[in-house]
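Below is the file model11.txt, which contains compact mmCIF, C-alpha atoms and all ligand atoms.
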# COMPACT_ATOMS: atom_id res chain seq x y z
CA MET A 1 0.00 0.00 0.00
CA GLN A 2 2.96 2.28 0.55
CA SER A 3 3.23 2.45 -3.26
CA LEU A 4 -0.16 4.20 -3.49
CA ALA A 5 0.41 6.52 -0.53
CA ASN A 6 3.39 7.25 1.69
CA VAL A 7 5.21 9.92 3.64
CA SER A 8 8.43 11.06 1.98
CA ALA A 9 11.74 11.71 3.72
CA ASN A 10 10.96 15.44 3.97
CA GLY A 11 7.44 14.91 5.32
CA GLY A 12 5.38 15.29 2.13
CA ILE A 13 2.40 12.91 1.99
CA ALA A 14 2.19 11.39 -1.49
CA LEU A 15 -1.33 10.41 -2.57
CA GLY A 16 -1.09 8.48 -5.84
CA GLY A 17 1.58 9.75 -8.24
CA LYS A 18 0.37 13.29 -8.90
CA VAL A 19 -0.55 14.79 -5.53
CA VAL A 20 1.55 15.59 -2.49
CA CYS A 21 0.26 17.13 0.75
CA ASP A 22 2.28 19.42 3.04
CA GLY A 23 5.62 18.88 1.30
CA PHE A 24 7.41 19.03 -2.06
CA LEU A 25 7.93 16.13 -4.46
CA SER A 26 9.37 16.93 -7.89
CA ASN A 27 7.10 14.48 -9.77
CA ALA A 28 3.84 15.74 -8.22
CA ALA A 29 1.87 18.30 -10.24
CA VAL A 30 -0.18 19.41 -7.22
CA ARG A 31 0.61 20.23 -3.60
CA VAL A 32 -2.29 20.38 -1.16
CA GLN A 33 -1.60 22.58 1.86
CA THR A 34 -3.75 21.15 4.68
CA HIS A 35 -3.08 24.02 7.14
CA ILE A 36 -0.44 26.55 8.15
CA HIS A 37 1.40 24.85 11.05
CA ALA A 38 5.18 24.73 10.64
CA ASP A 39 5.44 20.92 10.61
CA HIS A 40 3.30 20.97 7.44
CA MET A 41 5.02 23.84 5.60
CA THR A 42 8.24 22.10 4.53
CA ASP A 43 9.60 23.24 1.14
CA PHE A 44 6.67 25.59 0.51
CA GLU A 45 8.98 27.88 -1.47
CA SER A 46 9.95 25.02 -3.83
CA SER A 47 6.29 24.20 -4.35
CA LYS A 48 5.55 27.86 -5.14
CA GLY A 49 7.99 27.69 -8.02
CA PHE A 50 7.01 24.33 -9.50
CA GLN A 51 3.55 23.14 -8.44
CA THR A 52 -0.10 24.07 -8.37
CA ILE A 53 -0.86 24.60 -4.67
CA LEU A 54 -4.40 23.93 -3.43
CA MET A 55 -5.79 24.96 -0.04
CA SER A 56 -8.93 26.21 1.67
CA GLU A 57 -9.87 29.89 1.50
CA PRO A 58 -9.03 30.63 5.19
CA THR A 59 -5.65 28.90 4.87
CA LYS A 60 -4.79 31.12 1.91
CA ASP A 61 -5.72 34.25 3.88
CA LEU A 62 -3.66 33.10 6.86
CA LEU A 63 -0.66 32.37 4.63
CA VAL A 64 -0.91 35.82 3.08
CA VAL A 65 -0.61 37.30 6.61
CA GLU A 66 2.13 34.84 7.55
CA LEU A 67 4.31 34.93 4.44
CA ASN A 68 3.57 37.91 2.21
CA ALA A 69 0.82 39.60 0.26
CA GLU A 70 2.36 38.48 -3.06
CA LEU A 71 0.92 35.02 -2.46
CA ALA A 72 -2.59 36.44 -2.92
CA TYR A 73 -1.84 37.20 -6.59
CA ARG A 74 -0.04 34.04 -7.68
CA SER A 75 -2.05 32.09 -10.25
CA ASN A 76 -0.67 28.73 -9.06
CA VAL A 77 -1.88 29.22 -5.46
CA ILE A 78 -5.56 28.28 -5.54
CA ALA A 79 -8.12 28.46 -2.75
CA ILE A 80 -10.93 25.98 -3.32
CA PRO A 81 -14.27 26.26 -1.51
CA THR A 82 -15.25 23.38 0.80
CA GLY A 83 -16.91 20.54 -1.07
CA GLN A 84 -15.77 21.70 -4.52
CA LEU A 85 -13.77 19.13 -6.49
CA TYR A 86 -10.53 19.95 -8.27
CA GLU A 87 -9.59 17.76 -11.24
CA ILE A 88 -6.14 17.24 -12.68
CA GLU A 89 -4.81 14.52 -15.01
CA GLY A 90 -7.77 12.24 -14.26
CA CYS A 91 -7.46 12.63 -10.45
CA ARG A 92 -10.27 14.20 -8.41
CA ILE A 93 -9.15 16.07 -5.30
CA GLU A 94 -11.53 17.00 -2.49
CA LEU A 95 -10.87 18.96 0.71
CA LEU A 96 -13.11 18.70 3.78
CA PRO A 97 -12.70 20.59 7.09
CA SER A 98 -10.69 18.68 9.72
CA GLY A 99 -11.68 20.74 12.80
CA HIS A 100 -8.04 21.26 13.83
CA MET A 101 -7.75 25.01 13.22
CA LEU A 102 -9.23 27.66 10.95
CA GLY A 103 -8.88 26.43 7.35
CA SER A 104 -7.49 22.96 8.16
CA THR A 105 -8.57 20.14 5.85
CA GLN A 106 -8.68 16.42 5.24
CA VAL A 107 -7.70 15.53 1.66
CA SER A 108 -9.03 12.79 -0.56
CA VAL A 109 -7.86 11.88 -4.06
CA THR A 110 -9.84 9.62 -6.38
CA LEU A 111 -7.39 8.11 -8.87
CA PRO A 112 -8.24 7.50 -12.56
CA ASP A 113 -9.05 3.82 -11.82
CA GLY A 114 -11.58 4.86 -9.14
CA SER A 115 -9.51 3.86 -6.12
CA ARG A 116 -9.33 6.40 -3.29
CA VAL A 117 -6.35 7.54 -1.23
CA ALA A 118 -6.57 10.13 1.52
CA TYR A 119 -4.70 12.05 4.19
CA SER A 120 -6.36 13.02 7.46
CA GLY A 121 -4.25 16.15 7.94
CA ASP A 122 -4.18 17.19 11.59
CA PHE A 123 -7.72 16.61 12.84
CA ASN A 124 -10.00 16.98 15.81
CA TRP A 125 -12.79 14.65 16.88
CA PRO A 126 -15.77 14.45 16.57
CA LEU A 127 -16.20 15.81 13.03
CA ASN A 128 -19.37 16.50 11.04
CA GLU A 129 -17.94 15.07 7.84
CA VAL A 130 -15.25 12.45 7.37
CA ILE A 131 -13.55 11.58 4.08
CA ARG A 132 -14.30 8.08 2.79
CA THR A 133 -11.30 6.24 1.40
CA ASP A 134 -9.62 2.90 0.66
CA VAL A 135 -6.13 3.89 1.79
CA LEU A 136 -5.59 6.43 4.56
CA VAL A 137 -2.48 8.25 5.76
CA VAL A 138 -3.34 9.35 9.28
CA ASP A 139 -1.75 11.88 11.64
CA SER A 140 -0.26 10.17 14.71
CA THR A 141 0.22 13.09 17.12
CA TYR A 142 -1.90 11.53 19.88
CA GLY A 143 -1.62 8.00 18.56
CA SER A 144 -0.57 6.40 21.82
CA PRO A 145 -2.94 4.86 24.42
CA ASP A 146 -1.35 7.03 27.13
CA ARG A 147 -2.52 10.09 25.16
CA ALA A 148 -6.18 9.41 25.99
CA ARG A 149 -7.91 12.25 27.87
CA ARG A 150 -10.53 11.66 30.54
CA TYR A 151 -12.02 15.17 30.24
CA SER A 152 -13.85 16.94 27.46
CA GLN A 153 -12.67 20.11 25.75
CA SER A 154 -15.72 21.92 27.13
CA GLU A 155 -14.51 21.10 30.65
CA VAL A 156 -11.11 22.46 29.62
CA ASN A 157 -12.80 25.65 28.40
CA ASP A 158 -14.57 26.10 31.77
CA ARG A 159 -11.36 25.52 33.71
CA LEU A 160 -9.52 28.02 31.52
CA ILE A 161 -12.15 30.71 32.11
CA GLU A 162 -12.08 30.05 35.85
CA LEU A 163 -8.28 30.21 35.99
CA VAL A 164 -7.98 33.36 33.86
CA LEU A 165 -10.64 35.25 35.84
CA ARG A 166 -9.01 34.26 39.13
CA GLN A 167 -5.51 35.27 38.02
CA LEU A 168 -6.73 38.54 36.46
CA GLY A 169 -7.63 39.50 40.04
CA GLN A 170 -3.88 39.64 40.65
CA GLY A 171 -2.89 41.52 37.49
CA ALA A 172 -1.98 40.67 33.90
CA VAL A 173 -2.39 37.22 32.37
CA HIS A 174 -0.01 36.10 29.62
CA ILE A 175 -1.23 33.30 27.35
CA LYS A 176 0.85 31.37 24.84
CA ALA A 177 -0.31 28.72 22.36
CA HIS A 178 0.01 27.33 18.86
CA ARG A 179 -1.86 29.19 16.16
CA GLY A 180 -5.45 28.01 16.06
CA THR A 181 -5.45 26.91 19.69
CA LEU A 182 -4.81 30.50 20.74
CA GLU A 183 -7.77 31.80 18.74
CA ARG A 184 -10.05 29.09 20.12
CA ALA A 185 -9.06 30.13 23.64
CA LEU A 186 -9.77 33.75 22.71
CA GLU A 187 -13.25 32.85 21.59
CA VAL A 188 -13.81 31.03 24.88
CA LEU A 189 -12.52 34.00 26.91
CA ASP A 190 -14.11 36.74 24.85
CA GLY A 191 -17.50 36.56 26.56
CA ALA A 192 -16.03 35.96 30.02
CA THR A 193 -13.91 39.09 30.47
CA GLN A 194 -13.81 42.63 29.13
CA VAL A 195 -10.15 43.39 29.88
CA PRO A 196 -8.07 44.58 26.91
CA ILE A 197 -6.33 41.88 24.85
CA ILE A 198 -2.89 42.87 23.64
CA ALA A 199 -0.82 41.19 20.90
CA THR A 200 1.86 41.81 18.26
CA PRO A 201 0.74 43.52 15.03
CA LYS A 202 1.09 40.20 13.19
CA LEU A 203 -1.08 38.31 15.65
CA CYS A 204 -3.68 41.12 15.46
CA LYS A 205 -3.82 40.65 11.67
CA GLU A 206 -4.07 36.88 12.06
CA VAL A 207 -7.02 37.25 14.43
CA ASP A 208 -8.67 39.56 11.86
CA VAL A 209 -8.72 36.56 9.48
CA TYR A 210 -10.41 34.41 12.13
CA ARG A 211 -13.00 37.12 12.65
CA LYS A 212 -13.61 37.33 8.88
CA PHE A 213 -14.44 33.60 8.91
CA GLY A 214 -16.89 33.83 11.81
CA TYR A 215 -14.90 33.64 15.04
CA GLN A 216 -16.49 35.77 17.77
CA ILE A 217 -13.42 37.64 18.97
CA ARG A 218 -13.28 41.35 19.66
CA PRO A 219 -10.47 43.30 17.91
CA LEU A 220 -7.13 43.03 19.69
CA LEU A 221 -4.93 45.94 20.72
CA ASP A 222 -1.68 46.28 18.81
CA ILE A 223 1.14 46.29 21.36
CA SER A 224 2.87 49.19 19.63
CA SER A 225 -0.22 51.43 19.94
CA GLU A 226 -0.69 54.30 22.41
CA ASP A 227 -3.72 52.54 23.98
CA ALA A 228 -1.82 49.32 24.57
CA ARG A 229 1.04 51.18 26.27
CA HIS A 230 -1.49 52.79 28.59
CA TYR A 231 -3.02 49.42 29.59
CA LEU A 232 0.39 47.78 29.98
CA THR A 233 1.07 50.15 32.87
CA GLU A 234 -2.40 49.64 34.42
CA GLY A 235 -1.90 45.98 35.15
CA GLN A 236 -5.14 44.20 34.20
CA TYR A 237 -4.99 42.86 30.67
CA LEU A 238 -4.52 39.70 28.61
CA ARG A 239 -1.31 39.49 26.60
CA LEU A 240 -1.12 36.86 23.86
CA TYR A 241 1.91 35.12 22.43
CA GLY A 242 2.11 32.90 19.37
CA ILE A 243 4.81 30.24 19.21
CA GLY A 244 8.13 32.01 18.57
CA GLU A 245 6.86 35.28 20.09
CA GLY A 246 8.83 35.21 23.31
CA ASP A 247 9.19 33.15 26.44
CA LEU A 248 6.69 33.09 29.28
CA PHE A 249 9.28 32.00 31.83
CA GLY A 250 10.81 34.78 33.87
CA LEU A 251 7.95 37.27 33.52
CA GLU A 252 8.38 40.07 36.02
CA ASN A 253 4.71 40.25 36.87
CA GLY A 254 1.40 38.62 36.10
CA THR A 255 0.52 35.00 35.41
CA ALA A 256 1.82 32.78 32.61
CA ILE A 257 -0.53 30.24 31.02
CA ASN A 258 0.70 27.84 28.38
CA LEU A 259 -2.03 26.11 26.36
CA SER A 260 -0.84 22.63 25.49
CA ALA A 261 -2.01 19.06 26.00
CA PHE A 262 1.51 17.78 25.59
CA MET A 263 2.59 17.47 29.22
CA ALA A 264 -0.90 17.29 30.68
CA SER A 265 -2.17 14.51 32.92
CA SER A 266 -4.96 12.36 31.52
CA THR A 267 -7.29 13.27 34.40
CA ASP A 268 -6.74 16.97 35.18
CA PRO A 269 -6.49 19.57 32.41
CA VAL A 270 -4.82 22.21 34.59
CA LEU A 271 -1.24 21.76 35.71
CA GLU A 272 0.05 24.25 38.28
CA LEU A 273 3.77 24.79 37.80
CA SER A 274 3.96 27.62 40.34
CA PRO A 275 1.39 30.06 41.81
CA ARG A 276 2.01 32.23 38.72
CA ALA A 277 2.56 29.61 36.00
CA PHE A 278 0.11 27.07 34.61
CA SER A 279 -0.30 24.70 31.73
CA VAL A 280 -3.85 24.08 30.44
CA ALA A 281 -4.53 21.09 28.21
CA MET A 282 -6.24 22.87 25.37
CA THR A 283 -5.59 21.14 22.08
CA CYS A 284 -6.97 20.99 18.57
CA HIS A 285 -5.96 17.36 18.03
CA ALA A 286 -8.13 14.28 18.53
CA ASP A 287 -6.90 12.15 21.43
CA PHE A 288 -6.10 8.45 21.10
CA ASP A 289 -9.71 7.23 21.20
CA GLY A 290 -10.82 10.00 18.83
CA THR A 291 -8.05 8.99 16.44
CA LEU A 292 -9.33 5.39 16.33
CA ARG A 293 -12.95 6.55 15.86
CA TYR A 294 -11.83 8.79 12.99
CA ILE A 295 -9.97 5.97 11.23
CA GLU A 296 -13.03 3.71 11.54
CA ALA A 297 -15.27 6.43 10.09
CA THR A 298 -13.15 6.79 6.93
CA GLY A 299 -13.88 3.16 5.96
CA ALA A 300 -10.18 2.68 5.08
CA GLN A 301 -8.96 -0.89 4.52
CA HIS A 302 -5.30 0.10 4.68
CA VAL A 303 -3.86 2.65 7.08
CA ILE A 304 -0.43 4.28 7.05
CA THR A 305 0.43 6.12 10.26
CA ASP A 306 2.54 9.27 9.76
CA ASN A 307 5.93 8.57 11.31
CA TYR A 308 7.34 12.00 10.36
CA ARG A 309 5.15 14.02 12.72
CA GLY A 310 4.03 13.35 16.26
CA GLY A 311 6.12 10.38 17.30
CA HIS A 312 3.45 7.72 17.96
CA ALA A 313 3.19 6.12 14.52
CA VAL A 314 4.30 2.64 15.56
CA GLU A 315 2.01 2.46 18.60
CA LEU A 316 -0.91 3.74 16.54
CA ALA A 317 -0.36 1.17 13.77
CA ILE A 318 -0.33 -1.62 16.37
CA ALA A 319 -3.57 -0.30 17.91
CA VAL A 320 -5.30 0.01 14.52
CA ARG A 321 -4.48 -3.63 13.78
CA SER A 322 -5.38 -5.02 17.18
CA GLN A 323 -8.37 -2.85 18.12
CA LEU A 324 -9.93 -2.17 14.71
CA GLY A 325 -8.69 -5.21 12.75
CA ILE A 326 -7.58 -2.94 9.90
CA ASP A 327 -4.29 -3.45 8.04
CA ALA A 328 -1.88 -0.75 9.26
CA ALA A 329 1.82 0.14 9.17
CA PRO A 330 3.90 3.20 10.02
CA SER A 331 5.22 5.25 7.10
CA GLN A 332 8.81 4.48 6.15
CA SER A 333 9.84 8.11 6.66
CA ARG A 334 12.02 8.95 9.64
CA PRO A 335 10.72 11.32 12.32
CA GLY A 336 11.13 15.00 11.38
CA ARG A 337 12.28 17.76 13.66
CA TYR A 338 8.80 19.09 14.49
CA TRP A 339 6.46 17.66 17.07
CA GLY A 340 2.72 17.72 16.99
CA GLU A 341 1.70 21.24 15.97
ZN ZN B 1 0.90 18.62 12.61
ZN ZN B 2 -1.38 21.32 13.01

Let me see whether you can do it: turn the structure in this file into structure tokens.
Ligand SMILES: [Zn+2]
Ligand SMILES: [Zn+2]
Amino acid sequence: MQSLANVSANGGIALGGKVVCDGFLSNAAVRVQTHIHADHMTDFESSKGFQTILMSEPTKDLLVVELNAELAYRSNVIAIPTGQLYEIEGCRIELLPSGHMLGSTQVSVTLPDGSRVAYSGDFNWPLNEVIRTDVLVVDSTYGSPDRARRYSQSEVNDRLIELVLRQLGQGAVHIKAHRGTLERALEVLDGATQVPIIATPKLCKEVDVYRKFGYQIRPLLDISSEDARHYLTEGQYLRLYGIGEGDLFGLENGTAINLSAFMASSTDPVLELSPRAFSVAMTCHADFDGTLRYIEATGAQHVITDNYRGGHAVELAIAVRSQLGIDAAPSQSRPGRYWGE
């Protein structure tokens, strides 16, 4: 099955001979960009020069903010509406939302002989719509039984609100998360507090894209603005950090909250590191059980677990075989340098 679909050495997911997702392969006419996280952006510049690049409309807008405005005008970078098919050389490509972050998609390719190969992309669970396929390459970020979570994300939301409101009583609250997770947290917090929310100009622009696509988030304050400087001296505000936008350790005042399910316990979503530092298990990935339910729902008869990202490909393949009775193997690619974004 690894001849029909596989993960290449640089992390690109090959679906049939003509399509690659989230990486560059010189023989593929099309690259599908499932979402904007760094572990899926490898060799994007090479693809820009040589391939047709397909993505959802929100992903294109987010990439224009992230990379440069020039991307908006390139004829080989194509945003396709949800549910619309794209045909090339006898292959039909379809993108469906994957619930992981704004714009993220699952990808299915129907080959000229009618057989179907697909890539889950990073996904959340449950989902309204799941791709149906014969062969599936699946993300393995939480593909280990010890990555099961005994609490729901709505419980996590409630605990986050409770924690933020409590800590705001003592001054500023600084929140850091991966893109997508941060905006989900903002939506959760937006109705709960009226304090100003301060972020870098780039993050402000990014949040504008989320708002354009329906997220209920009030406009953020640009940290370089006069208003923001005023609030920064007042003490009660939320300050947001994307990954790569500074370190929360060693803050002089206020509370640091890191949103990540990576170190979290399976029973309690809030981890207190000190009275002023917390980790909250907010994530946009399905957990172990959700991953198995997703695989079942695709109807796949052959599963390839992505060994480039996430680090649980072998355990997941074993579980798919033993618990679902579906043929499964890890991709032959070696682990990449990114983990689980
Ligand atoms: Zn990822
Ligand atoms: Zn991701």

>> Calculated over all atoms listed in the file, which of the candidates A:Thr283, A:Ser265, A:Gln194, A:Ser224 has the smallest distance to ligand ZN 1 (chain B)?
In response: A:Thr283

Cut-off 12 Å, only C-alpha atoms and all ligand atoms, neighbours of ligand ZN 2 (chain B) as a short mmCIF file (atom, residue, chain, number, x, y, z; two decimals) with C-alpha atoms, keeping the file's coordinate frame:
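Wrote out_35.cif, looks like this:
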data_model
loop_
_atom_site.label_atom_id
_atom_site.label_comp_id
_atom_site.auth_asym_id
_atom_site.auth_seq_id
_atom_site.Cartn_x
_atom_site.Cartn_y
_atom_site.Cartn_z
CA ASP A 22 2.28 19.42 3.04
CA GLN A 33 -1.60 22.58 1.86
CA THR A 34 -3.75 21.15 4.68
CA HIS A 35 -3.08 24.02 7.14
CA ILE A 36 -0.44 26.55 8.15
CA HIS A 37 1.40 24.85 11.05
CA ALA A 38 5.18 24.73 10.64
CA ASP A 39 5.44 20.92 10.61
CA HIS A 40 3.30 20.97 7.44
CA MET A 41 5.02 23.84 5.60
CA THR A 59 -5.65 28.90 4.87
CA SER A 98 -10.69 18.68 9.72
CA GLY A 99 -11.68 20.74 12.80
CA HIS A 100 -8.04 21.26 13.83
CA MET A 101 -7.75 25.01 13.22
CA LEU A 102 -9.23 27.66 10.95
CA GLY A 103 -8.88 26.43 7.35
CA SER A 104 -7.49 22.96 8.16
CA THR A 105 -8.57 20.14 5.85
CA GLN A 106 -8.68 16.42 5.24
CA SER A 120 -6.36 13.02 7.46
CA GLY A 121 -4.25 16.15 7.94
CA ASP A 122 -4.18 17.19 11.59
CA PHE A 123 -7.72 16.61 12.84
CA ASN A 124 -10.00 16.98 15.81
CA ASP A 139 -1.75 11.88 11.64
CA SER A 140 -0.26 10.17 14.71
CA THR A 141 0.22 13.09 17.12
CA TYR A 142 -1.90 11.53 19.88
CA ALA A 177 -0.31 28.72 22.36
CA HIS A 178 0.01 27.33 18.86
CA ARG A 179 -1.86 29.19 16.16
CA GLY A 180 -5.45 28.01 16.06
CA THR A 181 -5.45 26.91 19.69
CA THR A 283 -5.59 21.14 22.08
CA CYS A 284 -6.97 20.99 18.57
CA HIS A 285 -5.96 17.36 18.03
CA ALA A 286 -8.13 14.28 18.53
CA ARG A 309 5.15 14.02 12.72
CA GLY A 310 4.03 13.35 16.26
CA TYR A 338 8.80 19.09 14.49
CA TRP A 339 6.46 17.66 17.07
CA GLY A 340 2.72 17.72 16.99
CA GLU A 341 1.70 21.24 15.97
#

>> Which residue is closest to Gly23 (chain A)? Choose from A:Ala79, A:Leu238, A:Val7, A:Leu259 and count only C-alpha atoms.
In response: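 Counting only C-alpha atoms, the residue closest to Gly23 (chain A) is A:Val7.
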
> Pick from A:Ser108, A:Ala261, A:Glu272, A:Arg211: nearest to Leu62 (chain A), with only C-alpha atoms counted?
Replying inline: A:Arg211

>> Set the distance at 12 Å and use all atoms listed in the file: which residues neighbour Arg74 (chain A) once local chain neighbours fewer than 6 positions away are removed? I'd like the list as a PyMOL selection string.
In response: chain A and resi 48-49+51-54+60+64+68

Wanna dump the region 146-185 of chain A-region 289-307 of chain A contacts at 12 Å for me, each residue with its shortest atom pair and the distance in Å to one decimal, counting all atoms listed in the file, ordered by chain and number, as a tab-separated table?
residue	atom	partner	partner_atom	distance
A:Asp146	CA	A:Asp289	CA	10.3
A:Arg147	CA	A:Asp289	CA	8.7
A:Ala148	CA	A:Asp289	CA	6.3
A:Arg149	CA	A:Asp289	CA	8.5
A:Arg150	CA	A:Asp289	CA	10.4
A:Ser152	CA	A:Gly290	CA	11.5

>> Just to confirm, what's the straight-line distance from CA of Thr267 (chain A) to CA of Gly143 (chain A) in Å (one decimal)?
In response: 17.6 Å

> Can you tell me how far CA of Ser46 (chain A) sits from CA of Val32 (chain A), in Å to one decimal?
Replying inline: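 Interatomic distance here is 13.4 Å.
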
>> Could you tell me how far CA of Val137 (chain A) sits from CA of Tyr86 (chain A), in Å to one decimal place?
In response: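 Straight-line distance from CA of Tyr86 (chain A) to CA of Val137 (chain A) works out to 20.0 Å.
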
>> Taking only C-alpha atoms and all ligand atoms into account, name the residue in A:Tyr308, A:Ile318, A:Ala328, A:Ala185 that is nearest to ligand ZN 1 (chain B).
In response: A:Tyr308

> Restricting the calculation to all atoms listed in the file, which member of A:Gly171, A:Gly254, A:Pro201, A:Gly311 is positioned closest to ligand ZN 1 (chain B)?
Replying inline: A:Gly311

> Between A:Lys176, A:Asp208, A:Met55, A:Leu220, which has the minimum distance to Val195 (chain A) (counting all atoms listed in the file)?
Replying inline: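 Of A:Lys176, A:Asp208, A:Met55, A:Leu220, the one nearest Val195 (chain A), counting all atoms listed in the file, is A:Leu220.
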
>> Quick one: residues within 6 Å of Phe24 (chain A), all atoms listed in the file, excluding same-chain residues fewer than 3 positions away - as a VMD selection string?
In response: chain A and resid 12 43 47
